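Notes follow once the structure below has been shown.
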Amino acid sequence: MERSYQFIYDRLFHYYGPQNWWPAETVFEMMIGAILVQNTSWRNVEKALLALKPYIRPERIERLAVDELAQLIRPSGFFNIKAKRIKSFLQWFQSYHYELDKIKKLDRQSLREELLNIHGIGRETADVLLLYAFDKPIFVVDAYARRILYRIGFDMPTSYDSFRRKVENELPNKLALYNEFHALIVEHAKEHCKAVPICEDCPLTVICDKRIE
Ligand code: SF4
């Protein structure tokens, strides 16, 4: 049985179907959601986004004081920190006059470096933004990807970028594939490969070593 990332992608896609991520009404909402989801569940993010709904435009959030913003996003946890992060991100976004097309013209590496220079934007958040806001094909290395690939039996590097490159080196450079792959990994970690895995009927059981700690 072939144990490749492409095989995993194909099996997950066939089993769960297209996920059509990111769950947001606008690209700006997606970007804010990517910051709010740091260290919390999506359920908490949804509550924060609901409170933020009347303000979910860059110019409106720009006008909010950091304290006001923090109170609105309170349900997402770490709200004071995240309010400052959103403000820093906005400052950067404003330097492009909030024009997505201008940002998308940058090459992936330059844009990634810019994002990583923003206060509070780490690799995972930067890559989620690159993938779902700026249309750059990239593999997002989150805790779910680490868990699933470890359990299957892949010998993965511990460093974020080495892990990412190892997967990318074996996959075609296609935006749609990376867009779906991250979403499918999240879905699989919620449905089958949970903290305590449900291996019965798992679409990956045919190739999985089931290395459960
Ligand atoms: S067989 Fe079990 S451990 Fe392996 S990927 Fe599926 S749910 Fe996870």
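By order of appearance in the structure tokens: chains A, B, ..., then residues from 1 within every chain, and ligands from 1 in the order shown.
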Using only C-alpha atoms, which residues sit within 10 Å of A:Phe78 once same-chain residues fewer than 3 positions away are excluded, as a count of residues only? 11
With only C-alpha atoms as the counted atoms, please give the residues lying no more than 10 Å from A:Pro58, apart from itself and same-chain residues fewer than 6 positions off, as a PyMOL selection string. chain A and resi 28-29+32+87+90-91+93-94+97-98
With N, CA and C atoms retained, write the just-selected residues as a short mmCIF file (atom, residue, chain, number, x, y, z; two decimals), in the first residue's frame.
```cif
data_model
loop_
_atom_site.label_atom_id
_atom_site.label_comp_id
_atom_site.auth_asym_id
_atom_site.auth_seq_id
_atom_site.Cartn_x
_atom_site.Cartn_y
_atom_site.Cartn_z
N PHE A 28 -11.62 39.35 4.79
CA PHE A 28 -11.19 40.07 6.00
C PHE A 28 -11.63 39.31 7.26
N GLU A 29 -12.83 38.80 7.24
CA GLU A 29 -13.30 37.99 8.39
C GLU A 29 -12.40 36.76 8.56
N ILE A 32 -9.18 37.85 10.32
CA ILE A 32 -9.38 38.10 11.75
C ILE A 32 -9.58 36.76 12.48
N LYS A 87 -4.57 44.64 15.88
CA LYS A 87 -4.17 46.03 15.56
C LYS A 87 -2.85 46.05 14.78
N LEU A 90 -3.54 44.92 11.30
CA LEU A 90 -4.23 45.97 10.55
C LEU A 90 -3.27 47.06 10.08
N GLN A 91 -2.33 47.38 10.96
CA GLN A 91 -1.34 48.40 10.60
C GLN A 91 -0.57 47.97 9.34
N PHE A 93 -1.67 45.71 7.13
CA PHE A 93 -2.63 45.63 6.03
C PHE A 93 -2.90 47.03 5.47
N GLN A 94 -2.94 48.01 6.35
CA GLN A 94 -3.20 49.39 5.96
C GLN A 94 -2.07 49.92 5.07
N HIS A 97 -3.01 49.70 1.81
CA HIS A 97 -4.32 50.34 1.58
C HIS A 97 -5.45 49.31 1.57
N TYR A 98 -5.28 48.26 2.35
CA TYR A 98 -6.27 47.17 2.47
C TYR A 98 -6.59 46.55 1.11
#
```
Per-residue DSSP, stretch 4-207 of chain A, filtered to helix (DSSP H, G or I), as JSON, numbers by chain: {"A": [5, 6, 7, 8, 9, 10, 11, 12, 13, 14, 15, 16, 27, 28, 29, 30, 31, 32, 33, 34, 35, 36, 42, 43, 44, 45, 46, 47, 48, 49, 50, 51, 52, 53, 54, 55, 58, 59, 60, 61, 62, 63, 66, 67, 68, 69, 70, 71, 72, 74, 75, 76, 79, 80, 81, 82, 83, 84, 85, 86, 87, 88, 89, 90, 91, 92, 93, 94, 100, 101, 102, 103, 104, 108, 109, 110, 111, 112, 113, 114, 115, 116, 123, 124, 125, 126, 127, 128, 129, 130, 131, 132, 143, 144, 145, 146, 147, 148, 149, 150, 151, 152, 160, 161, 162, 163, 164, 165, 166, 167, 168, 175, 176, 177, 178, 179, 180, 181, 182, 183, 184, 185, 186, 187, 188, 189, 190, 191, 205, 206, 207]}
Please produce a file of those selected residues containing C-alpha atoms, as a compact mmCIF listing (two decimals), in the first residue's frame.
```txt
# COMPACT_ATOMS: atom_id res chain seq x y z
CA TYR A 5 0.97 12.44 1.31
CA GLN A 6 -0.91 12.32 -1.98
CA PHE A 7 -2.44 8.99 -1.01
CA ILE A 8 -3.52 10.42 2.35
CA TYR A 9 -5.00 13.46 0.65
CA ASP A 10 -6.88 11.32 -1.88
CA ARG A 11 -8.30 9.03 0.80
CA LEU A 12 -9.42 11.91 3.01
CA PHE A 13 -10.90 13.81 0.08
CA HIS A 14 -12.80 10.76 -1.08
CA TYR A 15 -14.07 10.04 2.44
CA TYR A 16 -15.00 13.53 3.67
CA VAL A 27 -11.56 37.46 3.28
CA PHE A 28 -11.19 40.07 6.00
CA GLU A 29 -13.30 37.99 8.39
CA MET A 30 -11.08 35.02 7.49
CA MET A 31 -7.96 36.99 8.42
CA ILE A 32 -9.38 38.10 11.75
CA GLY A 33 -10.55 34.53 12.44
CA ALA A 34 -7.01 33.26 11.81
CA ILE A 35 -5.72 35.45 14.64
CA LEU A 36 -8.64 34.77 16.97
CA TRP A 42 -13.37 27.48 16.72
CA ARG A 43 -16.53 27.59 18.84
CA ASN A 44 -15.04 30.43 20.89
CA VAL A 45 -13.93 32.19 17.73
CA GLU A 46 -17.48 32.07 16.39
CA LYS A 47 -18.75 33.82 19.52
CA ALA A 48 -16.10 36.53 19.18
CA LEU A 49 -16.84 36.98 15.47
CA LEU A 50 -20.53 37.36 16.21
CA ALA A 51 -19.81 40.20 18.64
CA LEU A 52 -17.43 41.71 16.11
CA LYS A 53 -19.86 41.40 13.20
CA PRO A 54 -20.93 45.10 13.06
CA TYR A 55 -17.25 46.11 12.88
CA PRO A 58 -10.67 47.12 8.35
CA GLU A 59 -11.63 50.81 8.57
CA ARG A 60 -14.06 50.13 11.42
CA ILE A 61 -11.72 47.99 13.47
CA GLU A 62 -9.04 50.60 12.90
CA ARG A 63 -11.27 53.16 14.63
CA VAL A 66 -7.60 48.43 21.67
CA ASP A 67 -9.64 48.07 24.88
CA GLU A 68 -12.94 48.18 23.01
CA LEU A 69 -11.69 45.61 20.55
CA ALA A 70 -10.47 43.41 23.41
CA GLN A 71 -13.91 43.45 25.04
CA LEU A 72 -15.62 42.49 21.79
CA ARG A 74 -13.38 38.44 24.86
CA PRO A 75 -14.95 34.98 24.12
CA SER A 76 -11.86 33.98 22.10
CA PHE A 79 -8.37 38.87 24.30
CA ASN A 80 -5.99 41.67 25.34
CA ILE A 81 -3.10 39.98 23.52
CA LYS A 82 -5.22 39.19 20.48
CA ALA A 83 -6.59 42.75 20.28
CA LYS A 84 -3.02 44.05 20.06
CA ARG A 85 -2.20 41.42 17.44
CA ILE A 86 -5.20 42.37 15.33
CA LYS A 87 -4.17 46.03 15.56
CA SER A 88 -0.62 45.19 14.47
CA PHE A 89 -1.93 43.12 11.60
CA LEU A 90 -4.23 45.97 10.55
CA GLN A 91 -1.34 48.40 10.60
CA TRP A 92 0.49 46.16 8.15
CA PHE A 93 -2.63 45.63 6.03
CA GLN A 94 -3.20 49.39 5.96
CA LEU A 100 -5.66 42.22 -1.32
CA ASP A 101 -4.64 42.22 -4.98
CA LYS A 102 -1.54 44.27 -4.24
CA ILE A 103 -0.49 41.82 -1.53
CA LYS A 104 -1.21 38.78 -3.69
CA ARG A 108 5.23 33.56 -1.35
CA GLN A 109 8.56 33.88 0.44
CA SER A 110 8.60 37.69 0.61
CA LEU A 111 5.01 37.80 1.80
CA ARG A 112 5.68 35.11 4.41
CA GLU A 113 8.60 37.10 5.76
CA GLU A 114 6.45 40.23 5.99
CA LEU A 115 3.74 38.35 7.86
CA LEU A 116 6.23 36.79 10.26
CA ARG A 123 4.40 30.41 11.36
CA GLU A 124 1.08 28.60 11.59
CA THR A 125 -0.98 31.80 11.47
CA ALA A 126 1.18 33.22 8.67
CA ASP A 127 0.71 30.07 6.60
CA VAL A 128 -3.03 29.99 7.18
CA LEU A 129 -3.18 33.61 5.96
CA LEU A 130 -0.98 32.82 2.96
CA LEU A 131 -3.19 29.91 2.00
CA TYR A 132 -6.71 31.19 2.64
CA ALA A 143 -1.02 20.00 15.88
CA TYR A 144 -3.48 17.85 13.92
CA ALA A 145 -1.11 17.32 11.00
CA ARG A 146 1.66 16.39 13.44
CA ARG A 147 -0.59 13.96 15.30
CA ILE A 148 -1.99 12.22 12.21
CA LEU A 149 1.29 11.83 10.34
CA TYR A 150 3.07 10.62 13.48
CA ARG A 151 0.40 7.99 14.15
CA ILE A 152 0.46 6.78 10.55
CA TYR A 160 8.00 23.63 11.66
CA ASP A 161 9.61 24.54 8.35
CA SER A 162 11.42 21.23 7.85
CA PHE A 163 8.11 19.42 8.43
CA ARG A 164 6.35 21.74 5.98
CA ARG A 165 9.01 21.38 3.30
CA LYS A 166 9.06 17.58 3.61
CA VAL A 167 5.37 17.44 2.74
CA GLU A 168 5.58 20.14 0.04
CA LEU A 175 -3.54 25.94 -4.31
CA ALA A 176 -6.75 23.88 -4.34
CA LEU A 177 -4.92 20.83 -3.02
CA TYR A 178 -3.34 22.66 -0.06
CA ASN A 179 -6.58 24.50 0.64
CA GLU A 180 -8.45 21.20 0.93
CA PHE A 181 -5.63 19.25 2.60
CA HIS A 182 -5.47 21.44 5.70
CA ALA A 183 -9.26 21.45 6.03
CA LEU A 184 -9.41 17.67 5.58
CA ILE A 185 -6.73 17.14 8.22
CA VAL A 186 -8.74 19.24 10.69
CA GLU A 187 -11.89 17.30 9.84
CA HIS A 188 -10.12 13.96 10.21
CA ALA A 189 -8.68 14.96 13.59
CA LYS A 190 -12.18 15.83 14.77
CA GLU A 191 -13.96 12.79 13.35
CA THR A 205 -6.38 2.52 8.58
CA VAL A 206 -4.96 0.60 5.58
CA ILE A 207 -1.66 2.50 5.83
```
Using only C-alpha atoms and all ligand atoms, which residues have at least one atom no more than 7 Å from ligand 1? Output them as a count of residues only. 18
My list of candidates is A:Gly153, A:Asp201, A:Ala24, A:Arg3. Which is closest to A:Glu170 when distances are computed with only C-alpha atoms? A:Arg3
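One distance worth recording is that between atom CA of A:Ala65 and atom CA of A:Ile118, which is 19.0 Å.
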